[in-house]
>>> print(open('final25.pdb').read())   # PDB, C-alpha atoms
ATOM      1  CA  VAL A 123       5.600 -14.167   4.590
ATOM      2  CA  ARG A 124       6.420 -16.910   2.094
ATOM      3  CA  ALA A 125       4.114 -19.427   3.771
ATOM      4  CA  LYS A 126       1.230 -17.018   4.351
ATOM      5  CA  TYR A 127       1.217 -14.997   1.120
ATOM      6  CA  ALA A 128       3.444 -16.922  -1.340
ATOM      7  CA  ILE A 129       5.695 -13.898  -1.867
ATOM      8  CA  GLU A 130       9.227 -12.987  -0.858
ATOM      9  CA  PRO A 131       9.578 -10.749   2.219
ATOM     10  CA  GLN A 132      11.039  -7.903   0.155
ATOM     11  CA  GLN A 133       7.871  -7.967  -1.986
ATOM     12  CA  TYR A 134       5.491  -7.306   0.908
ATOM     13  CA  VAL A 135       5.244  -3.543   0.357
ATOM     14  CA  ASP A 136       4.316  -4.055  -3.297
ATOM     15  CA  PHE A 137       1.887  -6.808  -2.267
ATOM     16  CA  ALA A 138       0.169  -4.532   0.270
ATOM     17  CA  VAL A 139      -0.117  -1.731  -2.277
ATOM     18  CA  MET A 140      -1.773  -4.054  -4.799
ATOM     19  CA  ARG A 141      -4.232  -5.883  -2.542
ATOM     20  CA  GLY A 142      -4.904  -2.938  -0.216
ATOM     21  CA  ASP A 143      -5.557  -2.882   3.501
ATOM     22  CA  ALA A 144      -8.673  -1.070   4.691
ATOM     23  CA  SER A 145      -7.407  -0.911   8.276
ATOM     24  CA  ASP A 146      -4.431   1.134   7.055
ATOM     25  CA  GLY A 147      -6.445   3.234   4.622
ATOM     26  CA  LEU A 148      -5.016   1.557   1.509
ATOM     27  CA  PRO A 149      -7.692   1.055  -1.138
ATOM     28  CA  GLY A 150      -5.595  -1.301  -3.251
ATOM     29  CA  VAL A 151      -6.158  -1.890  -6.928
ATOM     30  CA  ALA A 152      -9.765  -2.671  -7.868
ATOM     31  CA  GLY A 153     -10.239  -6.394  -8.481
ATOM     32  CA  ILE A 154      -6.795  -7.361  -7.139
ATOM     33  CA  GLY A 155      -6.832  -9.548  -4.054
ATOM     34  CA  GLU A 156      -4.135 -11.533  -2.291
ATOM     35  CA  LYS A 157      -3.898 -14.343  -4.843
ATOM     36  CA  THR A 158      -3.773 -12.077  -7.879
ATOM     37  CA  ALA A 159      -1.266  -9.737  -6.199
ATOM     38  CA  ALA A 160       0.974 -12.704  -5.342
ATOM     39  CA  THR A 161       0.702 -14.060  -8.894
ATOM     40  CA  LEU A 162       1.535 -10.667 -10.403
ATOM     41  CA  LEU A 163       4.603 -10.356  -8.172
ATOM     42  CA  ALA A 164       5.712 -13.887  -9.071
ATOM     43  CA  ASP A 165       5.326 -13.100 -12.774
ATOM     44  CA  PHE A 166       6.689  -9.540 -12.886
ATOM     45  CA  GLY A 167       8.841  -9.166  -9.758
ATOM     46  CA  ASP A 168       7.726  -5.801  -8.369
ATOM     47  CA  LEU A 169       5.420  -2.836  -8.929
ATOM     48  CA  ASP A 170       7.652  -1.420 -11.649
ATOM     49  CA  GLY A 171       7.478  -4.728 -13.519
ATOM     50  CA  ILE A 172       3.719  -4.903 -13.059
ATOM     51  CA  LEU A 173       3.250  -1.338 -14.327
ATOM     52  CA  ALA A 174       5.504  -2.075 -17.317
ATOM     53  CA  ALA A 175       3.518  -5.216 -18.114
ATOM     54  CA  ALA A 176       0.264  -3.260 -17.944
ATOM     55  CA  ALA A 177       1.653  -0.716 -20.409
ATOM     56  CA  ASP A 178       2.769  -3.495 -22.785
ATOM     57  CA  ASP A 179      -0.158  -4.820 -24.848
ATOM     58  CA  SER A 180       1.807  -7.980 -25.623
ATOM     59  CA  SER A 181       2.252  -8.973 -21.947
ATOM     60  CA  SER A 182       0.376 -11.914 -20.470
ATOM     61  CA  LEU A 183      -1.911  -9.770 -18.310
ATOM     62  CA  ARG A 184      -5.628 -10.422 -18.599
ATOM     63  CA  PRO A 185      -7.488  -7.387 -19.989
ATOM     64  CA  ARG A 186      -9.451  -6.690 -16.785
ATOM     65  CA  VAL A 187      -6.305  -6.847 -14.625
ATOM     66  CA  ARG A 188      -4.384  -4.689 -17.112
ATOM     67  CA  GLN A 189      -7.095  -2.016 -17.076
ATOM     68  CA  SER A 190      -7.335  -2.021 -13.274
ATOM     69  CA  ILE A 191      -3.577  -1.512 -12.998
ATOM     70  CA  LEU A 192      -3.586   1.261 -15.596
ATOM     71  CA  ASP A 193      -6.531   2.961 -13.880
ATOM     72  CA  SER A 194      -4.673   2.803 -10.555
ATOM     73  CA  SER A 195      -1.183   3.706 -11.777
ATOM     74  CA  ASP A 196      -1.034   7.033  -9.898
ATOM     75  CA  TYR A 197      -2.143   5.323  -6.677
ATOM     76  CA  ILE A 198       0.402   2.513  -7.190
ATOM     77  CA  ARG A 199       3.306   4.927  -7.669
ATOM     78  CA  ASN A 200       2.406   7.029  -4.629
ATOM     79  CA  ALA A 201       1.271   4.301  -2.237
ATOM     80  CA  ARG A 202       4.643   2.543  -2.321
ATOM     81  CA  GLU A 203       6.201   5.434  -0.374
ATOM     82  CA  VAL A 204       3.354   5.441   2.137
ATOM     83  CA  VAL A 205       3.603   1.716   2.834
ATOM     84  CA  LYS A 206       7.393   1.375   2.798
ATOM     85  CA  VAL A 207       9.004   0.605   6.151
ATOM     86  CA  ARG A 208      11.773   3.000   7.143
ATOM     87  CA  PRO A 209      14.767   0.996   8.417
ATOM     88  CA  ASP A 210      16.777   4.101   9.364
ATOM     89  CA  LEU A 211      14.585   5.518  12.138
ATOM     90  CA  ASP A 212      15.996   5.857  15.645
ATOM     91  CA  LEU A 213      13.399   4.150  17.820
ATOM     92  CA  ASP A 214      15.564   3.742  20.918
ATOM     93  CA  ALA A 215      14.112   6.686  22.832
ATOM     94  CA  PRO A 216      10.299   6.646  22.910
ATOM     95  CA  GLN A 217       8.698   9.950  23.725
ATOM     96  CA  THR A 218       5.523  10.535  25.660
ATOM     97  CA  LEU A 219       3.293  13.071  24.017
ATOM     98  CA  ALA A 220       1.189  15.567  25.893
ATOM     99  CA  PRO A 221      -2.557  14.949  25.597
ATOM    100  CA  LEU A 222      -4.191  16.651  22.647
ATOM    101  CA  SER A 223      -6.566  19.530  23.166
ATOM    102  CA  ASP A 224     -10.155  19.155  21.961
ATOM    103  CA  GLY A 225      -9.310  21.337  18.949
ATOM    104  CA  GLU A 226      -6.292  19.175  18.073
ATOM    105  CA  VAL A 227      -8.369  15.989  18.347
ATOM    106  CA  GLU A 228     -10.992  17.507  16.052
ATOM    107  CA  ALA A 229      -8.345  18.696  13.559
ATOM    108  CA  PHE A 230      -6.654  15.297  13.489
ATOM    109  CA  ALA A 231      -9.961  13.492  13.045
ATOM    110  CA  GLU A 232     -10.744  15.787  10.104
ATOM    111  CA  LEU A 233      -7.307  15.087   8.613
ATOM    112  CA  GLY A 234      -7.994  11.356   8.921
ATOM    113  CA  LYS A 235     -11.330  11.717   7.121
ATOM    114  CA  ARG A 236      -9.884  13.939   4.380
ATOM    115  CA  TRP A 237      -7.055  11.490   3.612
ATOM    116  CA  GLY A 238      -9.117   8.312   4.102
ATOM    117  CA  LEU A 239      -6.962   7.002   6.946
ATOM    118  CA  GLY A 240      -9.868   5.063   8.442
ATOM    119  CA  GLY A 241      -9.135   2.984  11.520
ATOM    120  CA  ALA A 242      -5.474   4.008  11.611
ATOM    121  CA  ALA A 243      -6.402   7.591  12.544
ATOM    122  CA  ASP A 244      -8.923   6.337  15.097
ATOM    123  CA  ARG A 245      -6.248   4.165  16.735
ATOM    124  CA  VAL A 246      -3.885   7.136  16.975
ATOM    125  CA  LEU A 247      -6.539   9.171  18.760
TER     126      LEU A 247
END
>>> encode(input="final25.pdb", output="structure tokens")
Amino acid sequence: VRAKYAIEPQQYVDFAVMRGDASDGLPGVAGIGEKTAATLLADFGDLDGILAAAADDSSSLRPRVRQSILDSSDYIRNAREVVKVRPDLDLDAPQTLAPLSDGEVEAFAELGKRWGLGGAADRVL
């Protein structure tokens, strides 16, 4: 993670929220790519620090970046929980699921469209 993205491993969730990932249905923050996300995390530590810097007119954030963060603040706060990896799940006993009925496939596909899950929902189906 350090070599590929120039961030600490514990910052990856915040990094993914900022830069987005279309394959996982994460839009990211407009105008924030990998380099800017990594720089913001280096400068401000985490999403809370980045949000605080955006709210502080005296911070070193460029105006365009500040506005993008402010415009996306609701997304940023909510996406962290979606992206976060759960370390406390019991994955020792995989379960085989029964095939979905046509109605269930249709309902799940609609859910994926409504919530913008993109390719992630397609892969589940």
>>> resolve_selection(input="final25.pdb", expression="the PyMOL selection byres ((chain A and resi 138-152) around 8)", output="list in words")
Tyr134, Val135, Asp136, Phe137, Gly153, Ile154, Gly155, Glu156, Ala159, Ser190, Ile191, Ser194, Ile198, Ala201, Arg202, Val205, Gly238, Leu239, Gly240, Gly241 and Ala242 of chain A
>>> axis_aligned_box(input="final25.pdb", around="stretch 127-139 of chain A", padding_each_side="8 Å", output="lines of an AutoDock Vina configuration file")
center_x = 5.5
center_y = -9.3
center_z = -0.5
size_x = 27.2
size_y = 31.2
size_z = 21.5
>>> resolve_selection(input="final25.pdb", expression="the PyMOL selection byres ((chain A and resi 166-183) around 8)", output="compact mmCIF listing (two decimals) with C-alpha atoms, keeping the file's coordinate frame")
# COMPACT_ATOMS: atom_id res chain seq x y z
CA GLN A 133 7.87 -7.97 -1.99
CA ASP A 136 4.32 -4.06 -3.30
CA LEU A 162 1.54 -10.67 -10.40
CA LEU A 163 4.60 -10.36 -8.17
CA ALA A 164 5.71 -13.89 -9.07
CA ASP A 165 5.33 -13.10 -12.77
CA ARG A 184 -5.63 -10.42 -18.60
CA PRO A 185 -7.49 -7.39 -19.99
CA VAL A 187 -6.30 -6.85 -14.62
CA ARG A 188 -4.38 -4.69 -17.11
CA GLN A 189 -7.10 -2.02 -17.08
CA ILE A 191 -3.58 -1.51 -13.00
CA LEU A 192 -3.59 1.26 -15.60
CA SER A 195 -1.18 3.71 -11.78
CA ILE A 198 0.40 2.51 -7.19
>>> atom_distance(input="final25.pdb", atom1="atom CA of A:Glu130", atom2="atom CA of A:Ala160")
9.4 Å
>>> closest_residue(input="final25.pdb", among="A:Glu232, A:Lys206, A:Asp214, A:Pro131", to="A:Asp244", atoms="all atoms listed in the file")
A:Glu232
>>> atom_distance(input="final25.pdb", atom1="atom CA of A:Arg245", atom2="atom CA of A:Arg208")
20.4 Å
>>> atom_distance(input="final25.pdb", atom1="atom CA of A:Gln217", atom2="atom CA of A:Glu203")
24.6 Å
>>> residues_around(input="final25.pdb", residues="A:Leu222", least_positions_apart="5", cutoff="12 Å", atoms="all atoms listed in the file", output="MDAnalysis selection string")
chainID A and resid 227:231 246:247
>>> decode(input="final25.pdb", residues="stretch 158-171 of chain A", atoms="all heavy atoms", output="mmCIF file, in the first residue's frame")
data_model
loop_
_atom_site.group_PDB
_atom_site.id
_atom_site.type_symbol
_atom_site.label_atom_id
_atom_site.label_comp_id
_atom_site.auth_asym_id
_atom_site.auth_seq_id
_atom_site.Cartn_x
_atom_site.Cartn_y
_atom_site.Cartn_z
ATOM 1 N N THR A 158 -3.947 13.381 -5.403
ATOM 2 C CA THR A 158 -4.501 14.392 -4.503
ATOM 3 C C THR A 158 -4.986 13.748 -3.209
ATOM 4 O O THR A 158 -4.758 14.284 -2.124
ATOM 5 C CB THR A 158 -5.639 15.167 -5.180
ATOM 6 O OG1 THR A 158 -5.134 15.775 -6.378
ATOM 7 C CG2 THR A 158 -6.203 16.241 -4.263
ATOM 8 N N ALA A 159 -5.640 12.592 -3.315
ATOM 9 C CA ALA A 159 -6.110 11.889 -2.111
ATOM 10 C C ALA A 159 -4.929 11.542 -1.211
ATOM 11 O O ALA A 159 -4.983 11.747 0.009
ATOM 12 C CB ALA A 159 -6.895 10.640 -2.493
ATOM 13 N N ALA A 160 -3.852 11.032 -1.799
ATOM 14 C CA ALA A 160 -2.664 10.680 -1.010
ATOM 15 C C ALA A 160 -2.044 11.912 -0.363
ATOM 16 O O ALA A 160 -1.644 11.879 0.808
ATOM 17 C CB ALA A 160 -1.641 9.963 -1.889
ATOM 18 N N THR A 161 -1.984 13.018 -1.099
ATOM 19 C CA THR A 161 -1.447 14.263 -0.548
ATOM 20 C C THR A 161 -2.303 14.780 0.608
ATOM 21 O O THR A 161 -1.778 15.201 1.643
ATOM 22 C CB THR A 161 -1.335 15.334 -1.651
ATOM 23 O OG1 THR A 161 -0.455 14.844 -2.672
ATOM 24 C CG2 THR A 161 -0.814 16.648 -1.102
ATOM 25 N N LEU A 162 -3.620 14.739 0.420
ATOM 26 C CA LEU A 162 -4.524 15.194 1.488
ATOM 27 C C LEU A 162 -4.348 14.350 2.747
ATOM 28 O O LEU A 162 -4.320 14.884 3.861
ATOM 29 C CB LEU A 162 -5.973 15.140 1.018
ATOM 30 C CG LEU A 162 -6.374 16.165 -0.037
ATOM 31 C CD1 LEU A 162 -7.748 15.838 -0.607
ATOM 32 C CD2 LEU A 162 -6.341 17.572 0.536
ATOM 33 N N LEU A 163 -4.218 13.044 2.583
ATOM 34 C CA LEU A 163 -4.026 12.172 3.745
ATOM 35 C C LEU A 163 -2.669 12.412 4.398
ATOM 36 O O LEU A 163 -2.560 12.373 5.628
ATOM 37 C CB LEU A 163 -4.200 10.706 3.344
ATOM 38 C CG LEU A 163 -5.647 10.338 3.032
ATOM 39 C CD1 LEU A 163 -5.724 8.978 2.348
ATOM 40 C CD2 LEU A 163 -6.483 10.349 4.308
ATOM 41 N N ALA A 164 -1.647 12.686 3.607
ATOM 42 C CA ALA A 164 -0.335 13.005 4.179
ATOM 43 C C ALA A 164 -0.396 14.310 4.964
ATOM 44 O O ALA A 164 0.203 14.429 6.039
ATOM 45 C CB ALA A 164 0.713 13.104 3.064
ATOM 46 N N ASP A 165 -1.143 15.279 4.456
ATOM 47 C CA ASP A 165 -1.220 16.590 5.099
ATOM 48 C C ASP A 165 -2.159 16.625 6.309
ATOM 49 O O ASP A 165 -1.886 17.323 7.284
ATOM 50 C CB ASP A 165 -1.692 17.649 4.086
ATOM 51 C CG ASP A 165 -0.666 17.944 3.006
ATOM 52 O OD1 ASP A 165 0.503 17.520 3.147
ATOM 53 O OD2 ASP A 165 -1.041 18.586 2.003
ATOM 54 N N PHE A 166 -3.274 15.881 6.233
ATOM 55 C CA PHE A 166 -4.314 16.024 7.255
ATOM 56 C C PHE A 166 -4.646 14.735 8.006
ATOM 57 O O PHE A 166 -5.490 14.748 8.898
ATOM 58 C CB PHE A 166 -5.578 16.616 6.627
ATOM 59 C CG PHE A 166 -5.323 17.934 5.945
ATOM 60 C CD1 PHE A 166 -5.306 18.029 4.571
ATOM 61 C CD2 PHE A 166 -5.046 19.075 6.692
ATOM 62 C CE1 PHE A 166 -5.049 19.237 3.940
ATOM 63 C CE2 PHE A 166 -4.789 20.287 6.073
ATOM 64 C CZ PHE A 166 -4.790 20.374 4.688
ATOM 65 N N GLY A 167 -4.015 13.626 7.644
ATOM 66 C CA GLY A 167 -4.104 12.397 8.418
ATOM 67 C C GLY A 167 -5.238 11.459 8.093
ATOM 68 O O GLY A 167 -5.029 10.275 7.906
ATOM 69 N N ASP A 168 -6.471 11.963 8.038
ATOM 70 C CA ASP A 168 -7.633 11.109 7.796
ATOM 71 C C ASP A 168 -8.793 11.966 7.301
ATOM 72 O O ASP A 168 -8.654 13.185 7.133
ATOM 73 C CB ASP A 168 -8.017 10.316 9.049
ATOM 74 C CG ASP A 168 -8.391 11.187 10.239
ATOM 75 O OD1 ASP A 168 -8.653 12.397 10.062
ATOM 76 O OD2 ASP A 168 -8.434 10.653 11.358
ATOM 77 N N LEU A 169 -9.934 11.318 7.062
ATOM 78 C CA LEU A 169 -11.093 12.054 6.545
ATOM 79 C C LEU A 169 -11.559 13.149 7.495
ATOM 80 O O LEU A 169 -11.958 14.229 7.052
ATOM 81 C CB LEU A 169 -12.253 11.096 6.257
ATOM 82 C CG LEU A 169 -12.076 10.184 5.048
ATOM 83 C CD1 LEU A 169 -13.248 9.219 4.930
ATOM 84 C CD2 LEU A 169 -11.922 10.991 3.772
ATOM 85 N N ASP A 170 -11.507 12.880 8.794
ATOM 86 C CA ASP A 170 -11.910 13.910 9.751
ATOM 87 C C ASP A 170 -11.002 15.135 9.642
ATOM 88 O O ASP A 170 -11.486 16.271 9.669
ATOM 89 C CB ASP A 170 -11.888 13.359 11.178
ATOM 90 C CG ASP A 170 -12.958 12.297 11.396
ATOM 91 O OD1 ASP A 170 -14.028 12.383 10.757
ATOM 92 O OD2 ASP A 170 -12.715 11.378 12.198
ATOM 93 N N GLY A 171 -9.712 14.910 9.499
ATOM 94 C CA GLY A 171 -8.769 16.015 9.337
ATOM 95 C C GLY A 171 -8.985 16.769 8.040
ATOM 96 O O GLY A 171 -8.888 18.003 7.984
#
